[in-house]
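Take a look at the structure set out below.
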Protein chains: 2
Amino acid sequence: MRQGQAVANRASALRGAGALAACAGLALLAACSKPQPADNAPFANGEWVDLTHALGPETVFWPTDGDFVHEENFHGHTDGGWFYSSYDLRLPEHGGTHLDAPEHFAEGRETADEVPLSRLIAPAAVVDVSEAALADRDYLFTVEDLAAWEAGNGQLPAGSILLFRTGYDRYWPDRESYMGTALRGAEGVAALHFPGLSPDLAQFLVDEREVAAVGLDTPSLDYGQSADFRVHRILLAQNIPGFENVANLGALPAWGATVVALPAKVRDGSGAPLRIVAFVPEGTPPPAR
Amino acid sequence: MRQGQAVANRASALRGAGALAACAGLALLAACSKPQPADNAPFANGEWVDLTHALGPETVFWPTDGDFVHEENFHGHTDGGWFYSSYDLRLPEHGGTHLDAPEHFAEGRETADEVPLSRLIAPAAVVDVSEAALADRDYLFTVEDLAAWEAGNGQLPAGSILLFRTGYDRYWPDRESYMGTALRGAEGVAALHFPGLSPDLAQFLVDEREVAAVGLDTPSLDYGQSADFRVHRILLAQNIPGFENVANLGALPAWGATVVALPAKVRDGSGAPLRIVAFVPEGTPPPAR
């Protein structure tokens with residue numbers, strides 16, 4: 001039973017994106033001896049947005065993978081009289097909102113624990129391809145899609161995290177509409193239909209831009225019908241990681257947000273569950289849709 | 001085989017904390033049409049520090065818990081000729097660097113997916129209790145330890161993440177020196193010896209300070225010899241989460257860093273693996289030790 005919503009507690013005042021601003025206000029009212037956040041405090045004016053699907057039994061994994069299992073060890077009152085709960089977690093690396101480490105498709109490249117923070121925390125560009133992608137489940141993002149973004153925002157700066165918004169997160173967690181099929185196993189893989197990067201775009205990013213990472217709101221950097229995973233092979237070979245099954249990209253501006261994408265630090269991991277959030281400074285609202 | 005260190009790739013220039021500064025420099029040299037990070041870009045001047053132990057077979061879990069298992073699904077060359085690797089993950093919620101969600105000891109309080117970002121991303125205070133804690137494995141941090149920090153730094157502002165540095169991360173992952181015993185099961189629990197918060201300090205934090213979260217570099221908020229877990233019960237009942245088995249707190253200043261602690265978003269989780277990092281602005285070096 002969840003009592004949380006009914007229980008008054010002092011913590012409630014801390015919730016939500018306004019907490020830091022509220023703290024700053026409180027500090028001004030209090031004794032001058034309180035330490036103030038430095039003038040360069042990184043998150044003083046803006047809002048945090050969560051771009052992560054929760055992990056649960058309904059979480060979408062690849063058709064050949066198993067599901068997320070939350071195995072109860074204990075949940076209830078102990079002999080001592082207090083409540084206690086604890087679980088084990090079991091999940092494939094490549095499902096839900098997750099990191100593709102370069103090693104997933106590129107032998108000897110960085111594993112999940114080795115991806116540097118400079119590739120995980122960076123300014124984010126959001127290229128909205130949702131009109132074409134929602135109209136065509138097999139849509140491949142093109143160099144022209146990036147050019148259209150650059151026409152409005154300038155050339156993508158080196159070190160940016162490049163995110164593609166297809167709008168497919170609206171289908172989560174319904175496998176059939178999200179991936180194009182609810183079938184599992186090899187039969188399911190053959191029936192996958194969802195959009196992704198074109199190999200030409202991936203090669204352009206490697207040759208002509210210096211992206212920190214590439215993410216999107218579908219299950220894979222390569223589109224569902226790919227049989228050779230060329231986008232993965234092109235990007236990951238350059239130690240450019242992928243963020244897959246990202247949520248809520250419609251809440252970000254085309255430019256101006258900073259993404260913080262922190263994977264579980266799995267040694268030798270080809271991937272890992274990813275918690276991805278973004279800081280949106282005041283004055284950079286998402287485009288109206 | 002790891003070839004990563006020997007392979008020249010364009011990504012190497014992006015690594016490390018200087019990446020954003022380097023990008024800004026590149027942008028200045030390039031066309032004016034490039035978008036610039038906003039003047040209020042949150043991470044322009046400073047360095048990111050990782051406070052997370054990697055998850056591997058050696059990761060320290062509670063004596064009654066199992067170990068981390070990284071189960072290989074595939075690692076090698078496919079019929080198509082390209083390399084591919086993928087694994088399943090299996091782990092208890094409460095080991096390695098991890099979140100204690102309020103629900104762990106407080107029925108109906110927030111679960112791992114529900115802890116608000118305002119409790120996970122906030123200015124950090126680091127109280128160094130290492131001298132006493134390294135001298136006495138059963139040391140309990142006191143209200144006076146916090147008072148000593150406040151004498152030097154001012155009263156702890158509402159909304160801060162409060163971190164205690166015992167220095168025990170130096171023993172990781174040697175169970176005997178880290179936890180006081182290498183025994184497993186109930187026998188191991190009885191033999192645990194490592195420092196933690198006193199219940200009086202936990203109650204003081206609830207009554208007199210508004211902390212966002214409490215973390216430390218030992219396996220538990222309560223010390224090893226605790227049999228009633230009062231610190232957990234006091235803090236978690238107020239929806240104040242815990243960060244346990246944190247690493248590398250000696251790299252942070254007593255005040256001035258911002259912590260970003262992102263747990264895997266486990267629905268109904270009593271805890272979750274945590275990736276915790278900190279941004280240290282220029283001009284706030286850690287104290288000399």
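Residues in the structure tokens are named by chain (A, B, ... in the order shown) and by number from 1 within that chain; ligands are numbered from 1 in the order shown.
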
So that I can see what lies close to segment 275-281 of chain B, please list as an MDAnalysis selection string the residues with an atom at most 6 Å from it, counting only C-alpha atoms and leaving out residues fewer than 5 positions away in the same chain. (chainID A and resid 264) or (chainID B and resid 45:52 257:262)

Over all Cα atoms in order, fit chain A to chain B and jot down the RMSD to one decimal place. 0.1 Å

Can you pull out the residues contacting Gly188 of chain A? Cut-off 10 Å, using only C-alpha atoms, and skip same-chain residues under 3 positions away; I want them as an MDAnalysis selection string. chainID A and resid 62:64 179:185 191:192

Grab the residues selected above and save them as a compact mmCIF listing (two decimals), in the first residue's frame with C-alpha atoms.
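See out-v4.txt below for the written result:
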# COMPACT_ATOMS: atom_id res chain seq x y z
CA TRP A 62 14.53 -6.77 -27.82
CA PRO A 63 12.38 -9.66 -29.13
CA THR A 64 15.14 -12.19 -28.42
CA MET A 179 8.34 -1.77 -32.29
CA GLY A 180 5.94 -2.77 -35.03
CA THR A 181 5.34 -6.25 -33.61
CA ALA A 182 4.54 -8.01 -30.37
CA LEU A 183 6.14 -11.24 -31.59
CA ARG A 184 9.17 -12.56 -29.69
CA GLY A 185 12.25 -14.45 -30.82
CA ALA A 191 8.86 -8.14 -38.06
CA LEU A 192 10.38 -5.05 -36.41

Report as a ChimeraX atom specification all protein, DNA and RNA residues lying within 10 Å of Ala237 of chain A, evaluated on only C-alpha atoms, omitting residues in the same chain fewer than 3 positions from it. /A:102-110,206,231-234,240-241 /B:4,7,9

Export, as a PDB file, in the first residue's frame, the selected residues with C-alpha atoms.
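And here is the file that came out, again_15.pdb:
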ATOM      1  CA  PRO A 102      30.844   1.184 -28.025  1.00  0.00           C
ATOM      2  CA  GLU A 103      31.889  -2.411 -27.205  1.00  0.00           C
ATOM      3  CA  HIS A 104      28.358  -3.590 -28.087  1.00  0.00           C
ATOM      4  CA  PHE A 105      29.311  -3.624 -31.779  1.00  0.00           C
ATOM      5  CA  ALA A 106      33.008  -2.679 -31.762  1.00  0.00           C
ATOM      6  CA  GLU A 107      35.523  -5.042 -30.212  1.00  0.00           C
ATOM      7  CA  GLY A 108      37.943  -3.397 -27.831  1.00  0.00           C
ATOM      8  CA  ARG A 109      36.144  -0.087 -27.714  1.00  0.00           C
ATOM      9  CA  GLU A 110      34.816   1.457 -24.523  1.00  0.00           C
ATOM     10  CA  VAL A 206      31.661  10.566 -38.074  1.00  0.00           C
ATOM     11  CA  VAL A 231      24.659   2.621 -37.952  1.00  0.00           C
ATOM     12  CA  HIS A 232      25.757   0.913 -34.744  1.00  0.00           C
ATOM     13  CA  ARG A 233      28.940  -0.326 -36.396  1.00  0.00           C
ATOM     14  CA  ILE A 234      29.813   3.106 -37.823  1.00  0.00           C
ATOM     15  CA  ILE A 240      30.374   7.291 -29.974  1.00  0.00           C
ATOM     16  CA  PRO A 241      27.822   5.706 -27.609  1.00  0.00           C
TER      17      PRO A 241
ATOM     18  CA  GLY B   4      40.779   0.774 -27.222  1.00  0.00           C
ATOM     19  CA  VAL B   7      43.291   2.734 -31.553  1.00  0.00           C
ATOM     20  CA  ASN B   9      40.143   7.833 -33.039  1.00  0.00           C
TER      21      ASN B   9
END

Distance criterion (only C-alpha atoms): nearest to chain B out of A:Leu162, A:Ala44, A:Leu140, A:Leu91: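 Ranking A:Leu162, A:Ala44, A:Leu140, A:Leu91 by distance to chain B, first place goes to A:Leu91.
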
What parts of segment 29-262 of chain B does DSSP call strand (DSSP E)? I'd like the answer as a PyMOL selection string. chain B and resi 46-50+69-77+83-92+98-100+121-128+140-141+161-165+196-197+213-216+242-244+255-262

Show which residues sit within 9 Å of Leu156 of chain B, as a list in words. Count only C-alpha atoms, and ignore same-chain residues fewer than 2 positions away.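 That gives Lys34 and Pro35 of chain A; Ala125, Leu146, Trp149, Glu150, Asn153, Gly154, Ala158, Gly159, Ser160, Leu162, Arg209, Glu210 and Val211 of chain B.
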
Nearest to chain B: which of A:Asp145, A:Glu187, A:Asp138, A:Asp228 is it, counting only C-alpha atoms?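 Residue with the minimum atom-to-atom distance to chain B: A:Asp228.
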
Would you give me, as CSV, each residue of segment 104-217 of chain A having an atom within 9 Å of an atom of segment 248-256 of chain A, along with its shortest atom pair and that distance in Å to one decimal, using only C-alpha atoms and sorting by chain and residue number?
residue,atom,partner,partner_atom,distance
A:Pro123,CA,A:Gly256,CA,6.8
A:Ala124,CA,A:Trp255,CA,6.2
A:Ala125,CA,A:Trp255,CA,5.0
A:Val126,CA,A:Ala254,CA,4.6
A:Val127,CA,A:Ala254,CA,6.5
A:Asp128,CA,A:Ala254,CA,7.9
A:Trp149,CA,A:Ala254,CA,8.0
A:Asn153,CA,A:Trp255,CA,7.3
A:Leu163,CA,A:Leu249,CA,8.1
A:Phe164,CA,A:Leu249,CA,8.1
A:Arg165,CA,A:Leu249,CA,6.0
A:Thr166,CA,A:Leu249,CA,8.8
A:Gly167,CA,A:Gly250,CA,7.6
A:Asp169,CA,A:Asn248,CA,7.0
A:Arg170,CA,A:Asn248,CA,8.5
A:Leu216,CA,A:Leu249,CA,8.4
A:Asp217,CA,A:Leu249,CA,7.6
